[in-house]
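Take a look at the structure below.
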Amino acid sequence: MAPAPATSYVAVSGLRVSARGPDGTDFDIVRDIDFTLARGEVLALIGESGSGKTTIALALLGHARNGAAITGGSIRVGDVDLLSLGATDMRALRGNRISYVAQSAAAAFNPARTIMDQAVEAVCVHRLMSRAEAEAKAIGLFGELGLPRPENIGRKYPHQFSGGQLQRLMAAMALMSDPDLVILDEPTTALDVTTQIGVLQAFRNVVRRRGTTAIYVSHDLAVVAQMADHILVLQQGHIVETGATARMIEAPAQEYTRTLMAAAHPAPAMAERGPVASVPLLEVRGVTAGYGRIDAAGTPATPVLRDVSLTLHRGQTLGVIGESGSGKSTLARTICGLLPPARGEVLLDGAPLPPGLKGRSRENFRRVQIAFQNADVALNPAQSVRQILNRPLAFYHGLRGAAAAARIAELLDLIQLPASIGDKRCTELSGGQKQRVNLARTLAANPDLILCDEVTSALDTVVGAAILDLLADLQRDLGIGIIFISHDISTVRAICDDILVLYHGHAVEQGPRDAFTQARHHPYTRLLVSSVPELRVGWLPEAGSAPALPPVSASVDAAELCPFLSRCDTREAGLCDASFPARQRLPAGNEILCHFADQRLAPPAHSQICAT
Amino acid sequence: MTASPDAHTQGGRQLALMILGRIGASVVTLILVALVVFAISSLLPGDAAQEALGQSATPEQIAALRQEMGLDRPAYERFGTWAWGLIGGDAGQSLVANMPVGDIIRERLPNSLILAAITTLVAVPLALGIGIASAMNRDGRLDRALNIATLSMVALPEFLVATLAVLIFSVWLQWLPSIALVPEEAGVAELLKALAMPVAALAIVVMAQMARMTRAAIIDQLDRPYVEMAVLKGLSLRRIILTHVLPNSVGPIFNAVALSLSYLLGGAIIVETIFNYPGLASLMVNAVTSRDMPLLQACAMIFCAAYLALMLIADVAAILANPRLRNQ
């Protein structure tokens with residue numbers, strides 16, 4: 001690292017951004033923000049939602065969202081005082097001296113225009129270079145960010161790329177003008193961990209190589225530890241703590257910073273296993289499900305789940321984990337009857353459930369409830385909490401009037417919300433409160449099984465941790481079975497009794513949690529675990545330098561072979577590219593879909609898989 | 001619209017299949033419309049023979065004329081003959097004018113098409129301009145003014161607009177003729193002068209809807225993250241709307257335009273009547289009053305076909321404008 005120049009390159013002092021509330025009074029979104037940043041350094045803004053981190057990041061581009069306005073302070077970038085600029089001068093700066101990488105590249109790229117049109121647009125509008133020069137530069141940057149076949153990218157449209165690729169493309173777009181300052185707004189939050197690690201690596205390389213000055217907004221301390229020289233922790237619009245990355249990670253001075261760190265890495269719950277009944281609460285036997293026409297062999301045109309089996313006992317939690325598109329939500333939809341399986345069956349207390357919604361009785365419905373990922377969308381915004389809870393009470397239990405009111409009071413107590421919340425609409429509730437109401441609705445049915453589909457994924461870590469505690473309490477008190485679907489393996493390892501790892505619809509590994517603290521795993525599980533950023537400086541260079549994959553014969557995509565073959569680092573020519581692997585049980589009790597069972601499945605020395 | 005730019009690719013083939021399917025569905029729709037029009041018109045009291053002979057005719061005279069016109073045959077037989085003729089390109093014989101329906105329509109259709117075409121040329125650019133200007137000044141003064149203007153355009157009945165226009169421009173100012181009669185060998189200037197008021201009256205009716213839908217379609221996009229991204233790339237609002245938002249709003253805008261334009265053939269009846277313009281809509285009304293079934297049917301089929309064609313064009317344009325659908 002070059003020594004910091006004497007004068008700061010970016011200087012923010014007394015920054016205040018205000019907005020008008022629904023009651024007509026002005027309030028500050030952020031206030032008294034002071035920081036400086038030297039040339040070539042990366043500063044991370046970190047905090048929960050509502051902490052104002054994105055607001056500050058956007059203010060550095062002279063932009064404020066939704067009627068908010070920058071109402072005080074000063075921002076200096078280089079020798080320009082940003083807030084004294086008029087609209088035209090401000091525009092000339094954006095996409096030119098200061099550029100932006102948006103949180104969700106999938107939404108921030110215009111779906112109707114080609115990648116090249118969008119990548120070169122800013123530099124062409126600002127007359128920095130000709131279109132031909134810009135295209136050549138863009139192709140160079142695509143390559144620098146590790147995108148395959150950069151010369152063919154330009155003519156394509158955003159929908160032809162994956163989320164990770166789009167995020168790289170957006171970074172390339174931001175670097176087109178060789179900006180003095182790049183704002184990265186949660187650029188990897190929407191990605192799977194296995195994708196995130198590659199994108200982080202690409203970002204880090206390009207930022208280091210070009211000596212880019214950057215501001216990196218994130219809620220994830222572990223990610224930030226890999227990217228930033230300095231960290232600034234925000235809470236509700238003001239600065240809690242700021243300092244060099246290593247110091248902040250090793251010795252956080254403030255309580256709030258410690259809370260953030262703790263919430264990011266939940267400690268395993270020490271629930272002891274109770275006696276297990278002989279008949280499991282839920283059993284899924286060889287389920288294949290998907291979309292489209294089902295052929296004679298019982299395989300749908302677009303299979304999503306392939307031959308998945310699992311068992312769940314009363315009072316236990318099964319964690320289902322996998323990346324997006326692995327079939328996690330489809331598994332929940334199949335169990336609750338929204339998607340009838342093409343093959344296989346679902347048994348509840350040993351009795352087969354009718355495959356689709358049509359055949360199921362009201363009692364079947366009552367016993368299996370599903371809590372959807374996004375409570376914002378799952379709850380009717382026109383109804384009050386009371387109305388939302390009344391419906392299942394009347395439908396399943398025929399409760400009305402005073403009896404229903406009493407039960408609602410009980411339910412609200414159960415989910416630890418005040419009774420006064422019953423008359424509010426969900427739109428007036430916070431994200432965490434909404435998710436509690438969402439859970440209360442499933443509890444209103446007195447279910448035996450709750451399918452929790454990413455119920456904490458949209459929440460901040462601290463709020464999400466509280467929901468997880470609530471789930472654990474409910475399970476202990478009510479003895480229900482929970483299927484907990486998540487993409488976050490640290491959460492799953494912390495709270496689940498059993499774990500099922502899905503990859504492309506195949507259950508590649510399943511077993512008790514204890515087995516997941518052992519050394520030997522399916523190569524995909526290993527990849528998943530080793531991709532979760534660790535809260536220490538220097539993790540990324542170690543973990544990100546993946547060795548080249550062993551060679552196999554060309555037909556790696558064949559459907560009759562191991563689903564993970566194309567990404568596997570343990571694969572062996574002549575075996576993995578020749579036949580479908582068998583399911584086998586490792587000594588620790590975990591069952592894997594792999595050709596190997598020996599020491600080759602142990603992780604490399606530097607990334608210890610064991611949960612603490 | 002059957003050939004797409006990438007007809008050799010998978011997407012092109014799918015698009016061609018879609019268009020073929022839509023044309024098939026349109027044929028079915030046309031048959032159903034013909035049946036409905038036929039059924040409704042046979043519910044009308046009286047028939048062409050009675051209308052032609054008037055109140056004083058004896059039942060024998062009417063029966064004789066009926067037989068001559070073929071009206072004594074059962075309804076399904078008459079419908080069958082008519083439909084069979086239409087497939088062969090013969091729309092039948094007008095019962096009243098005693099000449100082929102095709103000839104009558106051939107005389108009127110160009111008038112309607114000219115009126116519709118000029119109105120389209122005037123109304124569509126104006127409407128898009130108003131819609132885009134409104135959206136760019138969302139909730140500003142210009143937006144509110146245009147909003148009031150388009151609302152009143154929707155609310156004002158066209159006969160009032162047309163009559164007021166005649167009163168002002170023909171009676172008081174004497175600038176424009178009150179009757180839109182275009183001489184055979186009229187030049188462009190005369191044509192425009194003769195059609196100015198009918199075009200204006202029609203344009204006011206169809207413009208408002210298009211402008212409001214354009215504004216809504218653009219504003220629907222303005223809160224999308226890609227618009228904020230464009231702002232943060234330092235683009236001007238005008239450039240953002242024209243190069244980023246419009247390509248994404250083409251679908252709904254084209255649909256609104258097609259819906260509004262489909263009004264221009266059949267819906268021109270009031271304007272045609274007030275300005276005494278010899279178009280298709282007034283021809284159809286005459287056909288109803290004189291119970292001239294073959295003519296009525298032919299007009300209905302033309303209006304329906306024009307509507308279906310416009311909708312198909314709008315849908316195909318929306319697909320071609322969307323890369324996700326185009327390259328599927």
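Every chain in the structure tokens takes a letter, A first, then B, and so on in the order presented; its residues are numbered from 1, and the ligands are numbered from 1 following the presented order.
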Strand (DSSP E) positions in range 57-189 of chain A, given as a PDB file with N, CA and C atoms, in the first residue's frame:
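Now in out.pdb:
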```pdb
ATOM      1  N   ALA A  69     -33.366  15.528   0.112  1.00  0.00           N
ATOM      2  CA  ALA A  69     -32.460  16.545  -0.422  1.00  0.00           C
ATOM      3  C   ALA A  69     -31.262  16.678   0.491  1.00  0.00           C
ATOM      4  N   ILE A  70     -30.119  17.029  -0.118  1.00  0.00           N
ATOM      5  CA  ILE A  70     -28.918  17.283   0.664  1.00  0.00           C
ATOM      6  C   ILE A  70     -29.076  18.677   1.261  1.00  0.00           C
ATOM      7  N   THR A  71     -29.149  18.766   2.585  1.00  0.00           N
ATOM      8  CA  THR A  71     -29.517  20.044   3.190  1.00  0.00           C
ATOM      9  C   THR A  71     -28.385  20.692   3.959  1.00  0.00           C
ATOM     10  N   GLY A  72     -27.218  20.068   4.004  1.00  0.00           N
ATOM     11  CA  GLY A  72     -26.155  20.734   4.731  1.00  0.00           C
ATOM     12  C   GLY A  72     -24.830  20.040   4.568  1.00  0.00           C
ATOM     13  N   GLY A  73     -23.751  20.718   4.945  1.00  0.00           N
ATOM     14  CA  GLY A  73     -22.429  20.147   4.894  1.00  0.00           C
ATOM     15  C   GLY A  73     -21.752  20.385   3.565  1.00  0.00           C
ATOM     16  N   SER A  74     -20.578  19.783   3.416  1.00  0.00           N
ATOM     17  CA  SER A  74     -19.861  19.952   2.157  1.00  0.00           C
ATOM     18  C   SER A  74     -19.232  18.630   1.753  1.00  0.00           C
ATOM     19  N   ILE A  75     -19.110  18.444   0.444  1.00  0.00           N
ATOM     20  CA  ILE A  75     -18.464  17.246  -0.088  1.00  0.00           C
ATOM     21  C   ILE A  75     -17.421  17.719  -1.087  1.00  0.00           C
ATOM     22  N   ARG A  76     -16.170  17.339  -0.850  1.00  0.00           N
ATOM     23  CA  ARG A  76     -15.132  17.705  -1.794  1.00  0.00           C
ATOM     24  C   ARG A  76     -14.528  16.434  -2.375  1.00  0.00           C
ATOM     25  N   VAL A  77     -14.473  16.371  -3.716  1.00  0.00           N
ATOM     26  CA  VAL A  77     -13.803  15.261  -4.391  1.00  0.00           C
ATOM     27  C   VAL A  77     -12.725  15.879  -5.263  1.00  0.00           C
ATOM     28  N   VAL A  80     -12.962  19.656  -6.414  1.00  0.00           N
ATOM     29  CA  VAL A  80     -14.310  20.117  -6.742  1.00  0.00           C
ATOM     30  C   VAL A  80     -15.183  20.103  -5.500  1.00  0.00           C
ATOM     31  N   ASP A  81     -15.843  21.224  -5.231  1.00  0.00           N
ATOM     32  CA  ASP A  81     -16.837  21.257  -4.160  1.00  0.00           C
ATOM     33  C   ASP A  81     -18.181  20.875  -4.774  1.00  0.00           C
ATOM     34  N   ILE A  98     -16.911  10.715 -11.280  1.00  0.00           N
ATOM     35  CA  ILE A  98     -17.442   9.858 -10.215  1.00  0.00           C
ATOM     36  C   ILE A  98     -18.409   8.877 -10.855  1.00  0.00           C
ATOM     37  N   SER A  99     -18.265   7.599 -10.580  1.00  0.00           N
ATOM     38  CA  SER A  99     -19.197   6.649 -11.191  1.00  0.00           C
ATOM     39  C   SER A  99     -19.771   5.706 -10.136  1.00  0.00           C
ATOM     40  N   TYR A 100     -20.781   4.975 -10.547  1.00  0.00           N
ATOM     41  CA  TYR A 100     -21.647   4.265  -9.603  1.00  0.00           C
ATOM     42  C   TYR A 100     -21.848   2.823 -10.057  1.00  0.00           C
ATOM     43  N   VAL A 101     -21.776   1.895  -9.113  1.00  0.00           N
ATOM     44  CA  VAL A 101     -22.115   0.496  -9.379  1.00  0.00           C
ATOM     45  C   VAL A 101     -23.319   0.159  -8.514  1.00  0.00           C
ATOM     46  N   LEU A 181     -13.400   8.569  -8.482  1.00  0.00           N
ATOM     47  CA  LEU A 181     -14.062   7.937  -7.338  1.00  0.00           C
ATOM     48  C   LEU A 181     -15.148   7.005  -7.863  1.00  0.00           C
ATOM     49  N   VAL A 182     -15.167   5.768  -7.335  1.00  0.00           N
ATOM     50  CA  VAL A 182     -16.213   4.816  -7.703  1.00  0.00           C
ATOM     51  C   VAL A 182     -17.037   4.509  -6.470  1.00  0.00           C
ATOM     52  N   ILE A 183     -18.355   4.583  -6.627  1.00  0.00           N
ATOM     53  CA  ILE A 183     -19.258   4.234  -5.528  1.00  0.00           C
ATOM     54  C   ILE A 183     -19.812   2.847  -5.818  1.00  0.00           C
ATOM     55  N   LEU A 184     -19.558   1.889  -4.945  1.00  0.00           N
ATOM     56  CA  LEU A 184     -20.105   0.538  -5.109  1.00  0.00           C
ATOM     57  C   LEU A 184     -21.188   0.331  -4.056  1.00  0.00           C
ATOM     58  N   ASP A 185     -22.420   0.194  -4.489  1.00  0.00           N
ATOM     59  CA  ASP A 185     -23.561   0.127  -3.574  1.00  0.00           C
ATOM     60  C   ASP A 185     -24.020  -1.321  -3.428  1.00  0.00           C
TER      61      ASP A 185
END
```
Within 7 Å of chain A: residues of chain B, using only C-alpha atoms, as a PyMOL selection string: chain B and resi 225-226+229+232-235+244+247-248+322-324
Mind checking DSSP for range 65-187 of chain B and telling me the helix (DSSP H, G or I) residues as a PyMOL selection string? chain B and resi 65-69+75-87+101-136+141-155+158-172
Restrict the calculation to only C-alpha atoms, then for each residue of range 311-415 of chain A with any atom at most 8 Å from an atom of range 499-504 of chain A give the closest atom pair and their distance in Å to one decimal, rows by chain and rising residue number, as JSON lines.
```
{"residue": "A:Leu318", "atom": "CA", "partner": "A:Ile499", "partner_atom": "CA", "distance": 5.6}
{"residue": "A:Gly319", "atom": "CA", "partner": "A:Ile499", "partner_atom": "CA", "distance": 4.6}
{"residue": "A:Val320", "atom": "CA", "partner": "A:Leu500", "partner_atom": "CA", "distance": 4.8}
{"residue": "A:Ile321", "atom": "CA", "partner": "A:Val501", "partner_atom": "CA", "distance": 5.0}
{"residue": "A:Gly322", "atom": "CA", "partner": "A:Leu502", "partner_atom": "CA", "distance": 5.0}
{"residue": "A:Glu323", "atom": "CA", "partner": "A:Tyr503", "partner_atom": "CA", "distance": 7.3}
{"residue": "A:Gly325", "atom": "CA", "partner": "A:His504", "partner_atom": "CA", "distance": 6.8}
{"residue": "A:Ser326", "atom": "CA", "partner": "A:His504", "partner_atom": "CA", "distance": 4.4}
{"residue": "A:Gly327", "atom": "CA", "partner": "A:His504", "partner_atom": "CA", "distance": 6.6}
{"residue": "A:Lys328", "atom": "CA", "partner": "A:Leu502", "partner_atom": "CA", "distance": 7.0}
```
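Note that the spacing between CA of Leu451 in chain A and CA of Glu428 in chain A amounts to 25.7 Å.
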From the set B:Pro252, B:Glu185, B:Arg238, B:Thr243, which residue has the shortest atom-to-atom contact distance to Ala216 in chain B, counting only C-alpha atoms?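 So, comparing all the options, the nearest one is B:Pro252.
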